[in-house]
Amino acid sequence: MTEYYKKYLIECLNACLKMEPAAPPSEEVDWQKLHRFATQNGVVTNVYLALKDTDFAPEEELIKYRKDYEIALDKQNTENEELEELLAQFRSQNIPYMLMKGIITRKMYPREIMRSAADIDIYYQTGYTDRVREIFFDRGYNLSFSGLSSDFYKKVPYLEVEMHKQLLSPLTKIGKIFKYNPFLHGITGDGLDYAMSDDDFYLFHFCHLAQHFYDSGAGIKFFMDIKVMREILNLDEEYIALKLKKYKLTKFHDESVKLMHYWFDGAEADETTKTYEDYVLDYGAYGSGVIFDFNRTNFGKRNKYISAVFPNAERLAIHYPDVKEKKYKVPYYWVKRAFDYKGTIRSRLKKVGSYHHKDFDKIKDFYDKIGL
């Protein structure tokens with residue numbers, strides 16, 4: 001059974017979206033767990049906005065929330081200022097780009113601070129990689145990771161920018177099906193700044209959500225986004241239904257919208273919706289290790305260990321991109337990975353060893369219920 005503080009978090013998010021103070025909790029709340037859970041899910045500012053004008057929230061907790069809120073506001077302002085500078089440089093060097101995900105979605109909320117973004121997501125053409133890197137290095141960023149689908153740039157204290165080479169990872173089922181080229185299908189006024197239509201942005205949200213579930217799961221923010229998008233965007237439901245059928249995500253979309261309606265519109269919940277709720281609330285913003293490993297094994301006692309130590313070429317390509325074209329290097333990269341990530345591998349083996357095949361059977365049953 002889901003603990004009440006998790007349910008109360010949903011009540012706070014509802015109040016926040018309505019720009020109202022939260023109602024007093026109907027059961028005893030573990031306030032420390034509520035704060036920790038809100039932080040894990042990236043919605044601590046929403047809970048603060050819901051609680052700040054109430055007379056029942058403990059003051060010592062509100063002090064923590066207020067500090068988090070001020071940091072989040074400073075981070076958001078820094079991101080917005082930096083984004084303007086980056087895009088100006090992209091335009092000055094004739095580099096086409098498209099903003100993605102949270103940096104767009106947060107503009108749809110009643111207040112931008114209601115939607116935190118882990119990083120700034122930008123899609124670009126890989127032919128411009130050298131110019132893009134020069135821009136980031138000149139602005140004091142470090143390239144923290146370069147992978148098959150994207151490059152990560154960081155600059156202290158807050159700035160993280162993910163430059164996407166692909167919209168979705170080709171290592172996931174949806175990534176292999178999803179076909180969308182922003183520079184062919186997107187909307188632009190100047191041939192440099194591209195955007196998706198409302199329908200395509202909404203569809204991409206569900207494909208991205210599915211990708212997270214194919215990886216390790218997803219958290220509450222994704223479902224808040226569904227609520228906000230369905231109220232703000234002008235959607236062609238017939239077009240969306242056709243595309244979802246093509247992507248084999250019709251049931252997943254329906255079950256996700258049902259969960260959103262249950263949380264944010266007071267709809268009734270069936271057994272599948274309640275199971276879906278448990279998975280989302282129990283595993284935090286980006287899922288869980290057990291789902292992560294579920295999606296990387298064939299459920300056999302032997303395979304689960306082999307996959308942790310000897311991933312296939314596609315998985316290796318996340319960290320060693322050239323192996324995708326040079327599969328003869330797979331044994332070399334198994335050895336290199338053993339040295340580069342020995343702590344991670346050791347931890348994975350220990351974790352995978354603790355799972356019983358029944359854990360995986362339970363997750364497989366859940367995935368079947370939500371259409372994945």
# chains A, B, ... in the order shown; residues from 1 in each chain; ligands from 1
$ residues_around --residues "A:Tyr141" --least-positions-apart "5" --cutoff "12 Å" --atoms "only C-alpha atoms" --output "number ranges by chain"
A: 82, 86, 132-136, 151-162
$ select_by_dssp --residues "stretch 19-144 of chain A" --states "alpha helix (DSSP H)" --output "ChimeraX atom specification"
/A:31-40,44-51,59-92,102-105,129-138
$ closest_atom_pairs --of "stretch 26-107 of chain A" --to "stretch 186-192 of chain A" --cutoff "12 Å" --atoms "only C-alpha atoms" --output "JSON lines"
{"residue": "A:Leu87", "atom": "CA", "partner": "A:Leu192", "partner_atom": "CA", "distance": 9.7}
{"residue": "A:Ala88", "atom": "CA", "partner": "A:Leu192", "partner_atom": "CA", "distance": 10.6}
{"residue": "A:Gln89", "atom": "CA", "partner": "A:Leu192", "partner_atom": "CA", "distance": 11.4}
{"residue": "A:Phe90", "atom": "CA", "partner": "A:Leu192", "partner_atom": "CA", "distance": 8.3}
{"residue": "A:Arg91", "atom": "CA", "partner": "A:Leu192", "partner_atom": "CA", "distance": 6.6}
{"residue": "A:Ser92", "atom": "CA", "partner": "A:Leu192", "partner_atom": "CA", "distance": 9.9}
{"residue": "A:Gln93", "atom": "CA", "partner": "A:Leu192", "partner_atom": "CA", "distance": 10.0}
{"residue": "A:Asn94", "atom": "CA", "partner": "A:Leu192", "partner_atom": "CA", "distance": 6.7}
{"residue": "A:Ile95", "atom": "CA", "partner": "A:Leu192", "partner_atom": "CA", "distance": 6.4}
{"residue": "A:Pro96", "atom": "CA", "partner": "A:Leu192", "partner_atom": "CA", "distance": 4.1}
{"residue": "A:Tyr97", "atom": "CA", "partner": "A:Leu192", "partner_atom": "CA", "distance": 6.1}
{"residue": "A:Met98", "atom": "CA", "partner": "A:Leu192", "partner_atom": "CA", "distance": 8.3}
{"residue": "A:Leu99", "atom": "CA", "partner": "A:Gly186", "partner_atom": "CA", "distance": 11.2}
{"residue": "A:Met100", "atom": "CA", "partner": "A:Gly186", "partner_atom": "CA", "distance": 12.0}
$ write_last_selection --atoms "C-alpha atoms" --output "mmCIF file, in the first residue's frame"
data_model
loop_
_atom_site.group_PDB
_atom_site.id
_atom_site.type_symbol
_atom_site.label_atom_id
_atom_site.label_comp_id
_atom_site.auth_asym_id
_atom_site.auth_seq_id
_atom_site.Cartn_x
_atom_site.Cartn_y
_atom_site.Cartn_z
ATOM 1 C CA LEU A 87 21.026 30.454 -28.985
ATOM 2 C CA ALA A 88 22.365 33.841 -30.095
ATOM 3 C CA GLN A 89 25.712 32.179 -30.770
ATOM 4 C CA PHE A 90 24.077 29.261 -32.611
ATOM 5 C CA ARG A 91 22.272 31.758 -34.828
ATOM 6 C CA SER A 92 25.373 33.855 -35.416
ATOM 7 C CA GLN A 93 27.161 30.725 -36.662
ATOM 8 C CA ASN A 94 24.144 29.472 -38.671
ATOM 9 C CA ILE A 95 23.666 26.324 -36.583
ATOM 10 C CA PRO A 96 20.059 25.028 -36.807
ATOM 11 C CA TYR A 97 18.587 23.851 -33.486
ATOM 12 C CA MET A 98 15.396 22.835 -31.744
ATOM 13 C CA LEU A 99 14.628 23.191 -28.030
ATOM 14 C CA MET A 100 13.197 20.053 -26.421
#
$ closest_atom_pairs --of "stretch 139-246 of chain A" --to "stretch 267-276 of chain A" --cutoff "12 Å" --atoms "only C-alpha atoms" --output "Markdown table"
| residue | atom | partner | partner_atom | distance |
| --- | --- | --- | --- | --- |
| A:Phe213 | CA | A:Tyr276 | CA | 11.5 |
| A:Gly217 | CA | A:Tyr276 | CA | 10.7 |
| A:Ala218 | CA | A:Tyr276 | CA | 10.7 |
| A:Gly219 | CA | A:Tyr276 | CA | 10.9 |
| A:Ile220 | CA | A:Tyr276 | CA | 11.3 |
| A:Phe223 | CA | A:Tyr276 | CA | 11.6 |
$ closest_atom_pairs --of "stretch 214-239 of chain A" --to "stretch 167-179 of chain A" --cutoff "12 Å" --atoms "only C-alpha atoms" --output "Markdown table"
| residue | atom | partner | partner_atom | distance |
| --- | --- | --- | --- | --- |
| A:Tyr214 | CA | A:Thr172 | CA | 6.3 |
| A:Asp215 | CA | A:Thr172 | CA | 7.6 |
| A:Ser216 | CA | A:Thr172 | CA | 11.3 |
$ write_last_selection --atoms "C-alpha atoms" --output "short mmCIF file (atom, residue, chain, number, x, y, z; two decimals), in the first residue's frame"
data_model
loop_
_atom_site.label_atom_id
_atom_site.label_comp_id
_atom_site.auth_asym_id
_atom_site.auth_seq_id
_atom_site.Cartn_x
_atom_site.Cartn_y
_atom_site.Cartn_z
CA TYR A 214 11.93 1.00 -21.42
CA ASP A 215 14.93 2.19 -19.44
CA SER A 216 14.02 2.30 -15.74
#
$ closest_residue --among "A:Tyr328, A:Trp263, A:Tyr109, A:Phe310" --to "A:Met229" --atoms "only C-alpha atoms"
A:Tyr109
$ residues_around --residues "A:Met224" --least-positions-apart "3" --cutoff "12 Å" --atoms "only C-alpha atoms" --output "JSON, numbers by chain"
{"A": [10, 13, 14, 16, 17, 41, 42, 43, 46, 102, 105, 106, 108, 109, 114, 115, 116, 205, 218, 219, 220, 221, 227, 228, 229, 230, 231, 256, 257, 259, 260, 261, 262, 263, 264, 265]}
$ residues_around --residues "A:Glu27" --least-positions-apart "6" --cutoff "9 Å" --atoms "only C-alpha atoms" --output "ChimeraX atom specification"
/A:4-5,8
$ residues_around --residues "stretch 244-247 of chain A" --least-positions-apart "2" --cutoff "12 Å" --atoms "only C-alpha atoms" --output "PyMOL selection string"
chain A and resi 173-180+199-200+202-208+210-211+237-242+249-254+371-372
$ write_last_selection --atoms "C-alpha atoms" --output "mmCIF file, in the first residue's frame"
data_model
loop_
_atom_site.group_PDB
_atom_site.id
_atom_site.type_symbol
_atom_site.label_atom_id
_atom_site.label_comp_id
_atom_site.auth_asym_id
_atom_site.auth_seq_id
_atom_site.Cartn_x
_atom_site.Cartn_y
_atom_site.Cartn_z
ATOM 1 C CA LYS A 173 11.910 -0.182 -28.790
ATOM 2 C CA ILE A 174 10.265 3.193 -29.321
ATOM 3 C CA GLY A 175 13.551 4.731 -30.461
ATOM 4 C CA LYS A 176 13.685 2.204 -33.295
ATOM 5 C CA ILE A 177 10.109 3.006 -34.392
ATOM 6 C CA PHE A 178 9.940 6.786 -33.868
ATOM 7 C CA LYS A 179 10.780 8.713 -37.037
ATOM 8 C CA TYR A 180 10.820 12.507 -36.863
ATOM 9 C CA ASP A 199 0.515 17.492 -31.898
ATOM 10 C CA ASP A 200 4.069 16.336 -32.510
ATOM 11 C CA TYR A 202 2.549 15.918 -27.374
ATOM 12 C CA LEU A 203 3.362 12.694 -29.232
ATOM 13 C CA PHE A 204 7.058 13.120 -28.539
ATOM 14 C CA HIS A 205 6.248 13.473 -24.814
ATOM 15 C CA PHE A 206 4.664 10.009 -24.826
ATOM 16 C CA CYS A 207 7.461 8.498 -26.864
ATOM 17 C CA HIS A 208 9.953 10.015 -24.418
ATOM 18 C CA ALA A 210 7.852 5.250 -23.051
ATOM 19 C CA GLN A 211 11.621 5.455 -23.494
ATOM 20 C CA GLU A 237 -6.935 13.738 -31.417
ATOM 21 C CA GLU A 238 -7.489 11.804 -34.659
ATOM 22 C CA TYR A 239 -3.931 12.506 -35.859
ATOM 23 C CA ILE A 240 -2.545 11.620 -32.429
ATOM 24 C CA ALA A 241 -4.491 8.340 -32.351
ATOM 25 C CA LEU A 242 -3.130 7.329 -35.765
ATOM 26 C CA LEU A 249 1.660 3.114 -27.814
ATOM 27 C CA THR A 250 -2.144 3.364 -27.897
ATOM 28 C CA LYS A 251 -2.728 1.389 -24.696
ATOM 29 C CA PHE A 252 0.233 3.026 -22.948
ATOM 30 C CA HIS A 253 -1.158 6.468 -23.801
ATOM 31 C CA ASP A 254 -4.646 5.517 -22.603
ATOM 32 C CA GLY A 371 0.777 -1.639 -23.011
ATOM 33 C CA LEU A 372 4.564 -1.852 -23.066
#
$ select_by_dssp --residues "stretch 70-140 of chain A" --states "strand (DSSP E)" --output "list in words"
Tyr97, Met98, Leu99, Met100, Ile120, Asp121, Ile122, Tyr123 and Tyr124 of chain A
$ write_last_selection --atoms "N, CA and C atoms" --output "PDB file, in the first residue's frame"
ATOM      1  N   TYR A  97      18.806  24.503 -34.781  1.00  0.00           N
ATOM      2  CA  TYR A  97      18.587  23.851 -33.486  1.00  0.00           C
ATOM      3  C   TYR A  97      17.102  23.762 -33.197  1.00  0.00           C
ATOM      4  N   MET A  98      16.768  22.918 -32.241  1.00  0.00           N
ATOM      5  CA  MET A  98      15.396  22.835 -31.744  1.00  0.00           C
ATOM      6  C   MET A  98      15.428  22.581 -30.245  1.00  0.00           C
ATOM      7  N   LEU A  99      14.751  23.415 -29.473  1.00  0.00           N
ATOM      8  CA  LEU A  99      14.628  23.191 -28.030  1.00  0.00           C
ATOM      9  C   LEU A  99      13.680  22.020 -27.784  1.00  0.00           C
ATOM     10  N   MET A 100      13.948  21.276 -26.695  1.00  0.00           N
ATOM     11  CA  MET A 100      13.197  20.053 -26.421  1.00  0.00           C
ATOM     12  C   MET A 100      12.769  19.977 -24.960  1.00  0.00           C
ATOM     13  N   ILE A 120      19.051  21.580 -19.831  1.00  0.00           N
ATOM     14  CA  ILE A 120      18.519  22.203 -21.034  1.00  0.00           C
ATOM     15  C   ILE A 120      18.748  21.235 -22.187  1.00  0.00           C
ATOM     16  N   ASP A 121      17.675  20.868 -22.881  1.00  0.00           N
ATOM     17  CA  ASP A 121      17.765  19.893 -23.973  1.00  0.00           C
ATOM     18  C   ASP A 121      17.643  20.601 -25.316  1.00  0.00           C
ATOM     19  N   ILE A 122      18.635  20.397 -26.173  1.00  0.00           N
ATOM     20  CA  ILE A 122      18.656  21.023 -27.495  1.00  0.00           C
ATOM     21  C   ILE A 122      19.036  19.974 -28.534  1.00  0.00           C
ATOM     22  N   TYR A 123      18.264  19.911 -29.620  1.00  0.00           N
ATOM     23  CA  TYR A 123      18.589  19.018 -30.731  1.00  0.00           C
ATOM     24  C   TYR A 123      19.369  19.795 -31.780  1.00  0.00           C
ATOM     25  N   TYR A 124      20.368  19.150 -32.390  1.00  0.00           N
ATOM     26  CA  TYR A 124      21.148  19.800 -33.445  1.00  0.00           C
ATOM     27  C   TYR A 124      21.638  18.744 -34.431  1.00  0.00           C
TER      28      TYR A 124
END
$ atom_distance --atom1 "atom CA of A:Asp119" --atom2 "atom CA of A:Val280"
21.3 Å
$ atom_distance --atom1 "atom CA of A:Glu20" --atom2 "atom CA of A:Ala50"
6.5 Å
